[in-house]
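Visitor: The following block contains the structure, expressed as structure tokens.
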Amino acid sequence: MAKAFKTYNEQIELLQKKNLAIEDVDKTISLLKKYSYFTLINGYKAPFKDKFGNYKNKTSIDDIIFLYTFDDNIRHILMKYILKIELHIKSLISYSFCKKFEVDEAAYQNALNYNYTNANLQKPINDLIQILGIQLKKANQFPYMQHQADEHKNIPLWALTKALTFGNVSKMYACQKDSIKSEIAKEFSEVRENELAIMLDILTRYRNVCAHNERLYDFKYKDSRLKTTSYHQKFNLTTNNPVASNLFDVVIFLKCLLDEATFEAFVKDFSFEINSLSEKTNQIQKSQILKLMSFPQNWDEILKI
């Protein structure tokens, strides 16, 4: 049976019955209007509940908003650094592909210029070419693509990739011939070409979590895993168990794919948010939030290795 509609005041009464401290009703109603009960309460209540389903003693609506704000902030941080990787990968793919097959747009629409001898990749390659064709038809929506079409009667891959999603680019890398994948992976000293394909797939999903404002801090991606990078081995985090990828795996991927200075900036930004959350609320300890994110307690020290 569907849940009955509840007014804002009824929602507050329900929260108070479950032991959530609400001192300012008007402020709480404003929060519910801004974020919705489903997003704010259902999304972030779990760490504050006891085993009976009530809120732990002295938990307030502020504690929940602190956790929501923390999650929102780390979404923006992660998105910022994934976008840097996305730009880098787009640049590497377009360069390596055009170096081998030249710049004519017919080249990247030719299935034989991808790893088509691999039967498992034939459908993904056909799907990719269809996506590229659709983007070409939308050239008038992108001034930089329309300029290439008008001036050169050709839209090279480096112009087209700018309009592709990270998911498209991830698939494009996976469909490349081995020689091109190898050339791209060599740009990252700790990454093998098959690992890079999995990393890009996982990063795509986490990018989408960030873009669509889904809860990030405890998100796990069950459809794709990679637990055996050289960094996993260095940090003693390798596993043969079929567990899902988690947020700390993504942090390891960032260490693999970002330059040292950029990664250090990421760690500084991320660490600030973790420490800030622990300072704002006593209802969720720093050790607890790290555990929920699947982070080792000494995560920042580990990443200096």
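Chain labels run A, B, ... following the order of the structure tokens; each chain numbers its residues from 1, and ligands are numbered from 1 in the order shown.
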Give me the residues within 8 Å of Ser94 (chain A) as a PDB file with N, CA and C atoms, in the first residue's frame, counting only C-alpha atoms and dropping any in the same chain fewer than 5 places off.

Guide:
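Written output follows (out-v4.pdb):
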```
ATOM      1  N   LEU A 157      37.968  14.240 -34.594  1.00  0.00           N
ATOM      2  CA  LEU A 157      37.605  13.598 -33.338  1.00  0.00           C
ATOM      3  C   LEU A 157      37.843  14.507 -32.147  1.00  0.00           C
ATOM      4  N   TRP A 158      38.910  15.341 -32.190  1.00  0.00           N
ATOM      5  CA  TRP A 158      39.191  16.178 -31.031  1.00  0.00           C
ATOM      6  C   TRP A 158      38.098  17.220 -30.805  1.00  0.00           C
ATOM      7  N   THR A 161      34.813  14.872 -29.480  1.00  0.00           N
ATOM      8  CA  THR A 161      34.878  14.328 -28.121  1.00  0.00           C
ATOM      9  C   THR A 161      34.468  15.361 -27.073  1.00  0.00           C
TER      10      THR A 161
END
```

Visitor: So which residues touch Lys80 (chain A) within 12 Å, counting only C-alpha atoms, skipping near sequence neighbours fewer than 3 positions away, as a PyMOL selection string?

Guide: chain A and resi 73-77+83-87+206-207+210-211+254+258+262-263+265-266+269-270

Visitor: With a distance cut-off of 10 Å and only C-alpha atoms, select the neighbouring residues of Ile41 (chain A), excluding the residue or stretch itself and same-chain residues fewer than 3 positions from it, and output the selection as a PyMOL selection string.

Guide: chain A and resi 15+32+35-38+44-46+61+64-65+68

Visitor: I'd like to know which of A:Gln283, A:Ile184, A:Asp178, A:Glu151 is closest to Tyr55 (chain A), using only C-alpha atoms.

Guide: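 The closest residue to Tyr55 (chain A) is A:Gln283.
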
Visitor: Could you give me, as a PyMOL selection string, the residues within 12 Å of Arg192 (chain A), counting only C-alpha atoms and dropping anything in the same chain fewer than 2 positions from it?

Guide: chain A and resi 178+181-190+194-199+226+228-230+256-257

Visitor: Ser245 (chain A): which residues within 9 Å, counting only C-alpha atoms, same-chain residues fewer than 2 positions away excluded, as a PyMOL selection string?

Guide: chain A and resi 202+219-227+243+247-250

Visitor: So that I can check the surroundings of region 6-12 of chain A, please list as a PDB file with C-alpha atoms, in the first residue's frame every protein, DNA and RNA residue that reaches within 12 Å of it, counting only C-alpha atoms and ignoring chain neighbours fewer than 2 positions away.

Guide:
```
ATOM      1  CA  LYS A   3       2.251   5.807   1.869  1.00  0.00           C
ATOM      2  CA  ALA A   4      -0.291   8.525   2.588  1.00  0.00           C
ATOM      3  CA  LEU A  14       6.494  12.137  12.734  1.00  0.00           C
ATOM      4  CA  LEU A  15      10.140  13.123  13.195  1.00  0.00           C
ATOM      5  CA  GLN A  16       9.495  14.329  16.729  1.00  0.00           C
ATOM      6  CA  LYS A  17       7.736  11.067  17.605  1.00  0.00           C
ATOM      7  CA  LYS A  18      10.919   9.280  16.532  1.00  0.00           C
ATOM      8  CA  ASN A  19      12.973  11.399  18.959  1.00  0.00           C
ATOM      9  CA  LEU A  20      14.436  13.925  16.502  1.00  0.00           C
ATOM     10  CA  ALA A  21      15.004  17.257  18.223  1.00  0.00           C
ATOM     11  CA  ILE A  22      13.404  20.144  16.312  1.00  0.00           C
ATOM     12  CA  GLU A  23      13.705  23.522  18.031  1.00  0.00           C
ATOM     13  CA  ASP A  24      12.674  25.756  15.131  1.00  0.00           C
ATOM     14  CA  VAL A  25       9.632  24.455  13.248  1.00  0.00           C
ATOM     15  CA  ASP A  26       9.659  27.214  10.629  1.00  0.00           C
ATOM     16  CA  LYS A  27      13.320  26.573   9.847  1.00  0.00           C
ATOM     17  CA  THR A  28      12.657  22.833   9.528  1.00  0.00           C
ATOM     18  CA  ILE A  29       9.727  23.430   7.186  1.00  0.00           C
ATOM     19  CA  SER A  30      12.015  25.608   5.052  1.00  0.00           C
ATOM     20  CA  LEU A  31      14.528  22.754   4.907  1.00  0.00           C
ATOM     21  CA  LEU A  32      11.840  20.257   3.904  1.00  0.00           C
ATOM     22  CA  LYS A  33      10.629  22.631   1.186  1.00  0.00           C
ATOM     23  CA  LYS A  34      14.142  23.142  -0.113  1.00  0.00           C
ATOM     24  CA  SER A  36      12.216  17.376   0.387  1.00  0.00           C
ATOM     25  CA  TYR A  37      11.634  14.796   3.101  1.00  0.00           C
ATOM     26  CA  PHE A  38      12.661  11.993   0.750  1.00  0.00           C
ATOM     27  CA  ILE A  41      15.475  12.639   5.821  1.00  0.00           C
ATOM     28  CA  ASN A  42      15.227   9.317   4.021  1.00  0.00           C
ATOM     29  CA  SER A  60      18.632  17.226  15.830  1.00  0.00           C
ATOM     30  CA  ILE A  61      17.581  18.204  12.331  1.00  0.00           C
TER      31      ILE A  61
END
```

Visitor: Would you kindly return, as a PyMOL selection string, each protein, DNA or RNA residue with an atom no farther than 8 Å from any atom of region 134-150 of chain A, considering only C-alpha atoms and excluding same-chain residues fewer than 4 positions away?

Guide: chain A and resi 130+154-156+159-160+163-164

Visitor: In Å, rounded to a single decimal, give me how far CA of Ser271 (chain A) is from CA of Lys49 (chain A).

Guide: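 Value for the CA of Lys49 (chain A)-CA of Ser271 (chain A) distance: 25.3 Å.
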
Visitor: Among region 126-208 of chain A, which residues does DSSP mark as alpha helix (DSSP H) when it is run on the backbone? Keep the chain and numbering as in the structure and answer as a ChimeraX atom specification.

Guide: /A:126-137,143-152,157-160,166-174,178-185,193-208

Visitor: Which residue is closest to Ser294 (chain A)? Choose from A:Asp127, A:Asp218, A:Tyr231, A:Leu237 and count only C-alpha atoms.

Guide: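 Looking only at the distances to Ser294 (chain A), the closest residue turns out to be A:Asp218.
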
Visitor: Quick one: of A:Ile252, A:Met172, A:Leu112, A:Ile93, who's nearest to Leu132 (chain A), counting only C-alpha atoms?

Guide: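 So, comparing all the options, the nearest one is A:Met172.
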
Visitor: Using only C-alpha atoms for the distances, tell me which of A:Lys162, A:His152, A:Lys51, A:Lys123 is nearest to Ser91 (chain A).

Guide: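 Ranking A:Lys162, A:His152, A:Lys51, A:Lys123 by distance to Ser91 (chain A), first place goes to A:Lys162.
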
Visitor: Quick one: of A:Ala261, A:Leu128, A:Leu67, A:Val209, who's nearest to Phe48 (chain A), counting only C-alpha atoms?

Guide: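 Nearest to Phe48 (chain A): A:Leu67.
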
Visitor: By how many Å are CA of Lys177 (chain A) and CA of Thr204 (chain A) apart?

Guide: 21.0 Å

Visitor: Let me make sure I understand: among A:Lys90, A:Lys171, A:Lys99, A:Lys286, which one has the smallest atom-to-atom distance to Ile125 (chain A) if we use only C-alpha atoms?

Guide: A:Lys171
